[in-house]
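Participant: Here you go, protein_17.cif (mmCIF, C-alpha atoms):
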data_entry
#
loop_
_atom_site.label_atom_id
_atom_site.label_comp_id
_atom_site.auth_asym_id
_atom_site.auth_seq_id
_atom_site.Cartn_x
_atom_site.Cartn_y
_atom_site.Cartn_z
CA MET G 264 5.60 16.87 21.21
CA THR G 265 6.06 15.36 17.78
CA GLU G 266 5.16 11.72 17.15
CA LEU G 267 8.85 10.83 17.10
CA GLU G 268 9.36 12.54 20.45
CA ASN G 269 6.37 10.73 21.93
CA ILE G 270 7.81 7.38 20.88
CA LYS G 271 11.21 8.29 22.31
CA ALA G 272 9.56 9.18 25.62
CA THR G 273 7.89 5.78 25.96
CA ARG G 274 9.52 3.52 28.53
CA PRO G 275 11.02 0.32 27.12
CA GLN G 276 9.53 -3.07 27.93
CA ARG G 277 10.72 -6.61 27.53
CA MET G 278 8.65 -8.35 24.89
CA PRO G 279 8.47 -11.49 22.71
CA ARG G 280 10.48 -11.54 19.51
CA GLU G 281 7.53 -10.92 17.18
CA ALA G 282 6.26 -8.07 19.32
CA ARG G 283 9.76 -6.57 19.35
CA ARG G 284 9.92 -6.89 15.58
CA ARG G 285 6.63 -5.02 15.21
CA GLN G 286 7.93 -2.31 17.54
CA LEU G 287 11.09 -1.93 15.46
CA LEU G 288 9.07 -1.71 12.25
CA GLN G 289 6.85 0.95 13.79
CA ALA G 290 9.89 2.97 14.82
CA ALA G 291 11.44 2.52 11.39
CA HIS G 292 8.20 3.68 9.78
CA GLN G 293 8.32 6.92 11.76
CA VAL G 294 11.95 7.61 10.94
CA PHE G 295 11.68 6.76 7.24
CA VAL G 296 8.58 8.95 6.89
CA ALA G 297 10.28 11.82 8.69
CA HIS G 298 13.63 11.68 6.91
CA GLY G 299 13.30 9.44 3.85
CA TYR G 300 15.44 6.38 3.30
CA HIS G 301 18.71 8.21 2.72
CA GLY G 302 18.21 10.57 5.64
CA ALA G 303 17.29 7.81 8.11
CA SER G 304 19.88 6.12 10.28
CA MET G 305 19.91 2.90 12.26
CA ASP G 306 21.04 4.97 15.25
CA GLU G 307 17.84 7.03 15.25
CA ILE G 308 15.66 4.01 14.57
CA ALA G 309 17.17 2.28 17.59
CA GLU G 310 16.70 5.44 19.65
CA VAL G 311 13.05 5.80 18.63
CA ALA G 312 12.45 2.10 19.37
CA LEU G 313 14.20 2.50 22.73
CA VAL G 314 16.56 -0.39 22.06
CA SER G 315 20.29 -0.69 21.64
CA LYS G 316 21.77 -0.97 18.17
CA PRO G 317 22.84 -4.60 18.82
CA VAL G 318 19.19 -5.45 19.55
CA LEU G 319 18.12 -3.76 16.31
CA TYR G 320 20.77 -5.64 14.35
CA GLN G 321 19.63 -8.93 15.88
CA HIS G 322 16.38 -8.50 13.97
CA PHE G 323 17.57 -6.63 10.88
CA PRO G 324 21.16 -6.84 9.57
CA GLY G 325 20.99 -3.42 7.94
CA LYS G 326 18.90 -0.41 6.95
CA ARG G 327 18.02 -1.85 3.55
CA GLU G 328 16.74 -5.10 5.06
CA LEU G 329 14.72 -3.12 7.60
CA TYR G 330 13.20 -0.97 4.87
CA LEU G 331 12.33 -4.03 2.79
CA ALA G 332 10.64 -5.68 5.77
CA LEU G 333 8.61 -2.53 6.38
CA LEU G 334 7.68 -2.30 2.71
CA ASP G 335 6.62 -5.96 2.71
CA SER G 336 4.41 -5.33 5.73
CA HIS G 337 2.66 -2.35 4.13
CA LEU G 338 2.23 -4.07 0.78
CA ALA G 339 0.77 -7.17 2.42
CA ASP G 340 -1.74 -5.04 4.33
CA PHE G 341 -2.75 -3.06 1.24
CA SER G 342 -3.02 -6.24 -0.86
CA ARG G 343 -5.24 -7.85 1.77
CA GLN G 344 -7.61 -4.88 1.72
CA LEU G 345 -7.80 -4.87 -2.08
CA ASP G 346 -8.37 -8.64 -2.21
CA GLU G 347 -11.20 -8.28 0.29
CA ALA G 348 -12.77 -5.57 -1.86
CA ILE G 349 -12.54 -7.69 -5.02
CA ARG G 350 -14.09 -10.68 -3.23
CA SER G 351 -16.71 -8.65 -1.35
CA THR G 352 -19.48 -9.07 -3.92
CA ASN G 353 -20.42 -10.94 -7.09
CA ASP G 354 -21.92 -7.81 -8.60
CA ASN G 355 -19.17 -6.47 -10.86
CA ARG G 356 -20.33 -2.88 -10.76
CA GLU G 357 -20.26 -2.95 -6.96
CA ARG G 358 -16.91 -4.74 -7.10
CA VAL G 359 -15.41 -1.92 -9.17
CA PHE G 360 -16.72 0.64 -6.68
CA ALA G 361 -15.42 -1.32 -3.69
CA THR G 362 -11.94 -1.75 -5.17
CA ILE G 363 -11.55 1.90 -6.15
CA ASN G 364 -12.96 2.98 -2.79
CA THR G 365 -10.32 0.86 -1.07
CA TYR G 366 -7.61 2.75 -2.93
CA TYR G 367 -9.09 6.09 -1.88
CA SER G 368 -9.53 5.00 1.74
CA TYR G 369 -5.99 3.65 1.94
CA ILE G 370 -4.36 6.75 0.50
CA LYS G 371 -6.49 8.97 2.73
CA GLY G 372 -6.14 6.94 5.93
CA GLU G 373 -2.67 5.44 5.44
CA SER G 374 -1.00 8.30 3.62
CA GLN G 375 2.36 7.70 5.28
CA ALA G 376 2.38 4.03 4.30
CA TYR G 377 1.33 4.99 0.79
CA ARG G 378 4.22 7.45 0.55
CA LEU G 379 6.67 4.75 1.61
CA ILE G 380 5.29 2.38 -1.02
CA PHE G 381 4.89 4.66 -4.03
CA GLU G 382 6.86 7.84 -3.32
CA SER G 383 10.04 6.52 -1.76
CA ASP G 384 13.42 8.05 -2.53
CA VAL G 385 14.75 4.55 -3.32
CA LEU G 386 12.24 3.29 -5.88
CA SER G 387 15.15 2.70 -8.25
CA ASP G 388 16.58 0.04 -5.91
CA PRO G 389 16.13 -3.29 -7.77
CA LEU G 390 14.70 -5.19 -4.80
CA ILE G 391 12.30 -2.41 -3.90
CA ALA G 392 11.23 -1.92 -7.51
CA HIS G 393 10.69 -5.69 -7.77
CA ARG G 394 8.38 -5.71 -4.75
CA ILE G 395 6.32 -2.81 -6.13
CA GLU G 396 6.06 -4.59 -9.47
CA GLN G 397 4.94 -7.79 -7.73
CA PHE G 398 2.21 -5.84 -5.94
CA ASN G 399 1.03 -4.17 -9.17
CA SER G 400 1.18 -7.47 -11.07
CA SER G 401 -0.78 -9.33 -8.40
CA LEU G 402 -3.50 -6.67 -8.29
CA ALA G 403 -3.77 -6.60 -12.10
CA SER G 404 -4.05 -10.40 -12.13
CA SER G 405 -6.82 -10.34 -9.52
CA ILE G 406 -8.76 -7.80 -11.57
CA ALA G 407 -8.04 -9.67 -14.80
CA ARG G 408 -9.48 -12.95 -13.47
CA VAL G 409 -12.81 -11.26 -12.86
CA VAL G 410 -12.76 -9.35 -16.14
CA VAL G 411 -11.91 -12.43 -18.23
CA GLU G 412 -14.65 -14.49 -16.54
CA ASP G 413 -17.34 -11.93 -17.34
CA THR G 414 -16.26 -10.63 -20.75
CA ASP G 415 -14.90 -11.95 -24.03
CA MET G 416 -11.46 -10.53 -23.30
CA SER G 417 -8.45 -12.82 -23.59
CA GLU G 418 -6.15 -13.29 -20.61
CA ASP G 419 -3.63 -10.83 -22.04
CA GLU G 420 -6.36 -8.27 -22.69
CA GLY G 421 -7.67 -8.82 -19.16
CA LEU G 422 -4.22 -8.19 -17.69
CA LEU G 423 -3.90 -4.98 -19.68
CA ALA G 424 -7.34 -3.89 -18.48
CA GLY G 425 -6.35 -4.81 -14.92
CA ARG G 426 -3.25 -2.63 -15.13
CA ALA G 427 -5.30 0.21 -16.55
CA LEU G 428 -7.94 0.01 -13.81
CA ALA G 429 -5.30 -0.17 -11.08
CA GLY G 430 -3.51 2.82 -12.59
CA LEU G 431 -6.74 4.77 -12.86
CA SER G 432 -7.48 4.09 -9.19
CA GLN G 433 -3.99 4.96 -8.00
CA VAL G 434 -3.49 8.16 -9.99
CA SER G 435 -6.96 9.57 -9.34
CA ALA G 436 -6.87 8.68 -5.63
CA ARG G 437 -3.45 10.25 -5.19
CA TYR G 438 -4.59 13.44 -6.89
CA TRP G 439 -7.78 13.55 -4.84
CA ALA G 440 -5.99 12.96 -1.53
CA THR G 441 -3.25 15.53 -2.13
CA SER G 442 -5.31 18.31 -3.72
CA GLU G 443 -7.80 20.70 -2.20
CA SER G 444 -10.65 19.14 -4.13
CA SER G 445 -14.16 19.93 -2.88
CA VAL G 446 -15.35 16.52 -4.09
CA ASP G 447 -15.94 14.19 -1.14
CA GLN G 448 -14.71 10.59 -1.17
CA GLU G 449 -18.01 8.92 -2.02
CA ALA G 450 -18.64 11.29 -4.92
CA ALA G 451 -15.07 10.93 -6.18
CA VAL G 452 -15.19 7.13 -6.05
CA GLU G 453 -18.61 7.09 -7.73
CA LEU G 454 -17.26 9.27 -10.53
CA ILE G 455 -14.16 7.14 -11.18
CA SER G 456 -15.96 3.81 -10.75
CA ARG G 457 -18.66 4.87 -13.23
CA LEU G 458 -15.92 5.79 -15.68
CA ALA G 459 -14.24 2.42 -15.18
CA TRP G 460 -17.49 0.43 -15.27
CA ARG G 461 -18.67 2.05 -18.47
CA GLY G 462 -15.45 0.88 -20.07
CA ILE G 463 -15.68 -2.70 -18.78
CA SER G 464 -19.38 -3.04 -19.53
CA GLN G 465 -18.67 -2.48 -23.22
CA PHE G 466 -17.21 -5.99 -23.37
CA PRO G 467 -20.12 -8.28 -22.44
CA LYS G 468 -19.61 -12.01 -22.58
CA GLU G 469 -21.33 -13.55 -25.57
CA ASN G 470 -23.55 -16.57 -24.88
#
If you took the structure in this file and wrote it as structure tokens, what would it be?
Facilitator:
Amino acid sequence: MTELENIKATRPQRMPREARRRQLLQAAHQVFVAHGYHGASMDEIAEVALVSKPVLYQHFPGKRELYLALLDSHLADFSRQLDEAIRSTNDNRERVFATINTYYSYIKGESQAYRLIFESDVLSDPLIAHRIEQFNSSLASSIARVVVEDTDMSEDEGLLAGRALAGLSQVSARYWATSESSVDQEAAVELISRLAWRGISQFPKEN
């Protein structure tokens, strides 16, 4: 049985509104991953969630709103993990490693969620593009705050560096996770974090 078939075979249960919402988002996740946004239908999402279409529409007025809610959920989870990594230590070298490692772990362990965030077939949709930009901007700002505090970079320079570090993490992690690389995660993260740290460490704060 496929994962979709397993969900369809699950017997429905009455549940609180928030629990029902989570169930609908889980079903939507499966359908969007399997078929993409354009290939997904509210009919199949309702079928996978084992609810009627009226019940689905009580929570989400349309497919776009459902997709946006799912995207918001994934972005919030990923942002939380990255924030925890940035705040996990006061040692900046370790902080760089922890943040990049979080990217690698997320793409490896949550590859379906990552695909929905960064490889969707509707990234040109203004609302979806805006949410992705907010995520990237927030992450760059979090990195920039640390960089500006510990270097002589200006705020604008820190933001540019934050974007660069986030991009380095994302692109390298995506390549590593989707290729047949023989480099294990710890070695890959150590390599990329050393590259990033050597760049940042060239801008020490003058006393």
Participant: Find, counting all atoms listed in the file, the residue in G:His298, G:Arg461, G:His337, G:Arg327 that gets nearest to Ile380 (chain G).
Facilitator: G:His337
Participant: Expanded to explicit residues, what is the PyMOL selection byres ((chain G and resi 283) around 12) for this file, as a list in words?
Facilitator: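 For this structure, the PyMOL selection byres ((chain G and resi 283) around 12) resolves to Pro275, Gln276, Arg277, Met278, Pro279, Arg280, Glu281, Ala282, Arg284, Arg285, Gln286, Leu287, Leu288, Gln289, Ala290, Ala309, Ala312, Leu313, Val314, Val318, Leu319, Gln321, His322 and Phe323 of chain G.
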Participant: Restricting the output to C-alpha atoms, write the selected residues as a compact mmCIF listing (two decimals), in the coordinates of the input.
Facilitator:
# COMPACT_ATOMS: atom_id res chain seq x y z
CA PRO G 275 11.02 0.32 27.12
CA GLN G 276 9.53 -3.07 27.93
CA ARG G 277 10.72 -6.61 27.53
CA MET G 278 8.65 -8.35 24.89
CA PRO G 279 8.47 -11.49 22.71
CA ARG G 280 10.48 -11.54 19.51
CA GLU G 281 7.53 -10.92 17.18
CA ALA G 282 6.26 -8.07 19.32
CA ARG G 284 9.92 -6.89 15.58
CA ARG G 285 6.63 -5.02 15.21
CA GLN G 286 7.93 -2.31 17.54
CA LEU G 287 11.09 -1.93 15.46
CA LEU G 288 9.07 -1.71 12.25
CA GLN G 289 6.85 0.95 13.79
CA ALA G 290 9.89 2.97 14.82
CA ALA G 309 17.17 2.28 17.59
CA ALA G 312 12.45 2.10 19.37
CA LEU G 313 14.20 2.50 22.73
CA VAL G 314 16.56 -0.39 22.06
CA VAL G 318 19.19 -5.45 19.55
CA LEU G 319 18.12 -3.76 16.31
CA GLN G 321 19.63 -8.93 15.88
CA HIS G 322 16.38 -8.50 13.97
CA PHE G 323 17.57 -6.63 10.88
Participant: Quick one: apply the PyMOL selection byres ((chain G and resi 437) around 12) to the file and drop the selected residues here as a ChimeraX atom specification.
Facilitator: /G:363,366-374,377-378,381-382,430-436,438-444,448,451
Participant: Any chance you could export the current selection's C-alpha atoms as a short mmCIF file (atom, residue, chain, number, x, y, z; two decimals), in the coordinates of the input?
Facilitator:
data_model
loop_
_atom_site.label_atom_id
_atom_site.label_comp_id
_atom_site.auth_asym_id
_atom_site.auth_seq_id
_atom_site.Cartn_x
_atom_site.Cartn_y
_atom_site.Cartn_z
CA ILE G 363 -11.55 1.90 -6.15
CA TYR G 366 -7.61 2.75 -2.93
CA TYR G 367 -9.09 6.09 -1.88
CA SER G 368 -9.53 5.00 1.74
CA TYR G 369 -5.99 3.65 1.94
CA ILE G 370 -4.36 6.75 0.50
CA LYS G 371 -6.49 8.97 2.73
CA GLY G 372 -6.14 6.94 5.93
CA GLU G 373 -2.67 5.44 5.44
CA SER G 374 -1.00 8.30 3.62
CA TYR G 377 1.33 4.99 0.79
CA ARG G 378 4.22 7.45 0.55
CA PHE G 381 4.89 4.66 -4.03
CA GLU G 382 6.86 7.84 -3.32
CA GLY G 430 -3.51 2.82 -12.59
CA LEU G 431 -6.74 4.77 -12.86
CA SER G 432 -7.48 4.09 -9.19
CA GLN G 433 -3.99 4.96 -8.00
CA VAL G 434 -3.49 8.16 -9.99
CA SER G 435 -6.96 9.57 -9.34
CA ALA G 436 -6.87 8.68 -5.63
CA TYR G 438 -4.59 13.44 -6.89
CA TRP G 439 -7.78 13.55 -4.84
CA ALA G 440 -5.99 12.96 -1.53
CA THR G 441 -3.25 15.53 -2.13
CA SER G 442 -5.31 18.31 -3.72
CA GLU G 443 -7.80 20.70 -2.20
CA SER G 444 -10.65 19.14 -4.13
CA GLN G 448 -14.71 10.59 -1.17
CA ALA G 451 -15.07 10.93 -6.18
#
Participant: I want to know what sits within 10 Å of Arg394 (chain G), based on all atoms listed in the file, with residues of the same chain fewer than 5 positions away left out; could you give that as a list of chain:residue names?
Facilitator: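 Returned residues: G:Leu331, G:Leu334, G:Asp335, G:Leu338, G:Ile380, G:Leu386, G:Pro389, G:Asn399, G:Ser400.
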Participant: Figure out the distance between CA of Ser383 (chain G) and CA of Ser445 (chain G), please, to one decimal in Å.
Facilitator: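 Between CA of Ser445 (chain G) and CA of Ser383 (chain G) the gap is 27.7 Å.
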Participant: Which value, in Å to one decimal, gives the distance between CA of Ala427 (chain G) and CA of Ser405 (chain G)?
Facilitator: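 For CA of Ala427 (chain G) relative to CA of Ser405 (chain G), the distance reads 12.8 Å.
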Participant: Could you check the closest approach to Ala403 (chain G) for each of G:Leu333, G:Val446, G:Ile391, G:Ile349 and tell me which residue wins, using only C-alpha atoms?
Facilitator: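 Residue with the minimum atom-to-atom distance to Ala403 (chain G): G:Ile349.
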Participant: What's around Glu420 (chain G) at 12 Å? Count only C-alpha atoms, leave out sequence neighbours fewer than 2 positions away in its own chain, and write the answer as a list in words.
Facilitator: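 So the residues in contact are Ala403, Ser404, Ile406, Ala407, Arg408, Val410, Val411, Thr414, Asp415, Met416, Ser417, Glu418, Leu422, Leu423, Ala424, Gly425, Arg426, Ala427, Ile463 and Phe466 of chain G.
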Participant: Write the selection just made, keeping C-alpha atoms, as a short mmCIF file (atom, residue, chain, number, x, y, z; two decimals), keeping the file's coordinate frame?
Facilitator:
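Heads up, here's the output in again_30.cif:
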data_model
loop_
_atom_site.label_atom_id
_atom_site.label_comp_id
_atom_site.auth_asym_id
_atom_site.auth_seq_id
_atom_site.Cartn_x
_atom_site.Cartn_y
_atom_site.Cartn_z
CA ALA G 403 -3.77 -6.60 -12.10
CA SER G 404 -4.05 -10.40 -12.13
CA ILE G 406 -8.76 -7.80 -11.57
CA ALA G 407 -8.04 -9.67 -14.80
CA ARG G 408 -9.48 -12.95 -13.47
CA VAL G 410 -12.76 -9.35 -16.14
CA VAL G 411 -11.91 -12.43 -18.23
CA THR G 414 -16.26 -10.63 -20.75
CA ASP G 415 -14.90 -11.95 -24.03
CA MET G 416 -11.46 -10.53 -23.30
CA SER G 417 -8.45 -12.82 -23.59
CA GLU G 418 -6.15 -13.29 -20.61
CA LEU G 422 -4.22 -8.19 -17.69
CA LEU G 423 -3.90 -4.98 -19.68
CA ALA G 424 -7.34 -3.89 -18.48
CA GLY G 425 -6.35 -4.81 -14.92
CA ARG G 426 -3.25 -2.63 -15.13
CA ALA G 427 -5.30 0.21 -16.55
CA ILE G 463 -15.68 -2.70 -18.78
CA PHE G 466 -17.21 -5.99 -23.37
#
Participant: So how far away is CA of Gln375 (chain G) from CA of Arg358 (chain G), in Å?
Facilitator: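 A separation of 26.1 Å between them.
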Participant: Kindly indicate which residue among G:Phe341, G:Ser315, G:Asp419, G:Val385 lies nearest to Gly299 (chain G), using all atoms listed in the file for the distances.
Facilitator: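 Closest candidate: G:Val385.
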Participant: Name the closest residue to Glu412 (chain G) among the candidates G:Ala297, G:Asn353, G:Asp306, G:Gln344; distances are taken between atoms, counting only C-alpha atoms.
Facilitator: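 Result for the nearest residue to Glu412 (chain G): G:Asn353.
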Participant: Quick one: of G:Ser304, G:Glu453, G:Ala429, G:Asn364, who's nearest to Ser401 (chain G), counting all atoms listed in the file?
Facilitator: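 Comparing G:Ser304, G:Glu453, G:Ala429, G:Asn364 against Ser401 (chain G), the winner is G:Ala429.
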Participant: Evaluated on this file, the PyMOL selection byres ((chain G and resi 361) around 9) picks out some residues - which ones are they, written as a PyMOL selection string?
Facilitator: chain G and resi 345+348-349+351-352+356-360+362-366+452+456
Participant: For region 389-414 of chain G, which lacks atoms in the input, supply N, CA, C and O atoms and format the output as a JSON list (two decimals), keeping the file's coordinate frame.
Facilitator:
[["chain", "number", "residue", "atom", "x", "y", "z"],
["G", 389, "PRO", "N", 16.71, -2.13, -7.08],
["G", 389, "PRO", "CA", 16.13, -3.29, -7.77],
["G", 389, "PRO", "C", 15.19, -4.12, -6.90],
["G", 389, "PRO", "O", 14.12, -4.54, -7.37],
["G", 390, "LEU", "N", 15.56, -4.38, -5.65],
["G", 390, "LEU", "CA", 14.70, -5.19, -4.80],
["G", 390, "LEU", "C", 13.40, -4.48, -4.46],
["G", 390, "LEU", "O", 12.33, -5.09, -4.41],
["G", 391, "ILE", "N", 13.49, -3.18, -4.22],
["G", 391, "ILE", "CA", 12.30, -2.41, -3.90],
["G", 391, "ILE", "C", 11.40, -2.30, -5.12],
["G", 391, "ILE", "O", 10.18, -2.49, -5.05],
["G", 392, "ALA", "N", 12.00, -2.00, -6.27],
["G", 392, "ALA", "CA", 11.23, -1.92, -7.51],
["G", 392, "ALA", "C", 10.55, -3.26, -7.81],
["G", 392, "ALA", "O", 9.41, -3.30, -8.28],
["G", 393, "HIS", "N", 11.25, -4.36, -7.53],
["G", 393, "HIS", "CA", 10.69, -5.69, -7.77],
["G", 393, "HIS", "C", 9.47, -5.93, -6.90],
["G", 393, "HIS", "O", 8.46, -6.49, -7.36],
["G", 394, "ARG", "N", 9.51, -5.52, -5.65],
["G", 394, "ARG", "CA", 8.38, -5.71, -4.75],
["G", 394, "ARG", "C", 7.18, -4.88, -5.20],
["G", 394, "ARG", "O", 6.03, -5.35, -5.15],
["G", 395, "ILE", "N", 7.41, -3.64, -5.65],
["G", 395, "ILE", "CA", 6.32, -2.81, -6.13],
["G", 395, "ILE", "C", 5.70, -3.43, -7.38],
["G", 395, "ILE", "O", 4.48, -3.46, -7.54],
["G", 396, "GLU", "N", 6.55, -3.95, -8.26],
["G", 396, "GLU", "CA", 6.06, -4.59, -9.47],
["G", 396, "GLU", "C", 5.24, -5.84, -9.13],
["G", 396, "GLU", "O", 4.21, -6.10, -9.75],
["G", 397, "GLN", "N", 5.69, -6.61, -8.15],
["G", 397, "GLN", "CA", 4.94, -7.79, -7.73],
["G", 397, "GLN", "C", 3.55, -7.40, -7.23],
["G", 397, "GLN", "O", 2.56, -8.07, -7.52],
["G", 398, "PHE", "N", 3.49, -6.33, -6.45],
["G", 398, "PHE", "CA", 2.21, -5.84, -5.94],
["G", 398, "PHE", "C", 1.30, -5.44, -7.11],
["G", 398, "PHE", "O", 0.13, -5.85, -7.18],
["G", 399, "ASN", "N", 1.83, -4.62, -8.04],
["G", 399, "ASN", "CA", 1.03, -4.17, -9.17],
["G", 399, "ASN", "C", 0.59, -5.34, -10.05],
["G", 399, "ASN", "O", -0.55, -5.39, -10.53],
["G", 400, "SER", "N", 1.49, -6.31, -10.25],
["G", 400, "SER", "CA", 1.18, -7.47, -11.07],
["G", 400, "SER", "C", 0.10, -8.33, -10.42],
["G", 400, "SER", "O", -0.83, -8.81, -11.10],
["G", 401, "SER", "N", 0.19, -8.53, -9.11],
["G", 401, "SER", "CA", -0.78, -9.33, -8.40],
["G", 401, "SER", "C", -2.17, -8.69, -8.44],
["G", 401, "SER", "O", -3.18, -9.37, -8.66],
["G", 402, "LEU", "N", -2.21, -7.37, -8.25],
["G", 402, "LEU", "CA", -3.50, -6.67, -8.29],
["G", 402, "LEU", "C", -4.10, -6.75, -9.69],
["G", 402, "LEU", "O", -5.29, -7.04, -9.85],
["G", 403, "ALA", "N", -3.28, -6.52, -10.72],
["G", 403, "ALA", "CA", -3.77, -6.60, -12.10],
["G", 403, "ALA", "C", -4.29, -8.00, -12.41],
["G", 403, "ALA", "O", -5.32, -8.15, -13.08],
["G", 404, "SER", "N", -3.61, -9.02, -11.90],
["G", 404, "SER", "CA", -4.05, -10.40, -12.13],
["G", 404, "SER", "C", -5.38, -10.67, -11.45],
["G", 404, "SER", "O", -6.25, -11.37, -12.02],
["G", 405, "SER", "N", -5.56, -10.15, -10.24],
["G", 405, "SER", "CA", -6.82, -10.34, -9.52],
["G", 405, "SER", "C", -7.98, -9.69, -10.28],
["G", 405, "SER", "O", -9.07, -10.26, -10.39],
["G", 406, "ILE", "N", -7.73, -8.49, -10.79],
["G", 406, "ILE", "CA", -8.76, -7.80, -11.57],
["G", 406, "ILE", "C", -9.02, -8.55, -12.88],
["G", 406, "ILE", "O", -10.16, -8.73, -13.31],
["G", 407, "ALA", "N", -7.93, -9.00, -13.51],
["G", 407, "ALA", "CA", -8.04, -9.67, -14.80],
["G", 407, "ALA", "C", -8.87, -10.95, -14.71],
["G", 407, "ALA", "O", -9.65, -11.26, -15.62],
["G", 408, "ARG", "N", -8.72, -11.69, -13.62],
["G", 408, "ARG", "CA", -9.48, -12.95, -13.47],
["G", 408, "ARG", "C", -10.97, -12.68, -13.53],
["G", 408, "ARG", "O", -11.72, -13.42, -14.16],
["G", 409, "VAL", "N", -11.39, -11.61, -12.87],
["G", 409, "VAL", "CA", -12.81, -11.26, -12.86],
["G", 409, "VAL", "C", -13.25, -10.77, -14.24],
["G", 409, "VAL", "O", -14.31, -11.15, -14.76],
["G", 410, "VAL", "N", -12.42, -9.92, -14.84],
["G", 410, "VAL", "CA", -12.76, -9.35, -16.14],
["G", 410, "VAL", "C", -12.88, -10.44, -17.20],
["G", 410, "VAL", "O", -13.82, -10.47, -18.00],
["G", 411, "VAL", "N", -11.92, -11.36, -17.22],
["G", 411, "VAL", "CA", -11.91, -12.43, -18.23],
["G", 411, "VAL", "C", -13.12, -13.35, -18.05],
["G", 411, "VAL", "O", -13.72, -13.81, -19.03],
["G", 412, "GLU", "N", -13.50, -13.62, -16.80],
["G", 412, "GLU", "CA", -14.65, -14.49, -16.54],
["G", 412, "GLU", "C", -15.95, -13.89, -17.08],
["G", 412, "GLU", "O", -16.85, -14.62, -17.51],
["G", 413, "ASP", "N", -16.06, -12.58, -17.04],
["G", 413, "ASP", "CA", -17.34, -11.93, -17.34],
["G", 413, "ASP", "C", -17.35, -11.17, -18.66],
["G", 413, "ASP", "O", -18.31, -10.44, -18.94],
["G", 414, "THR", "N", -16.30, -11.28, -19.44],
["G", 414, "THR", "CA", -16.26, -10.63, -20.75],
["G", 414, "THR", "C", -15.66, -11.60, -21.77],
["G", 414, "THR", "O", -15.29, -12.73, -21.43]]
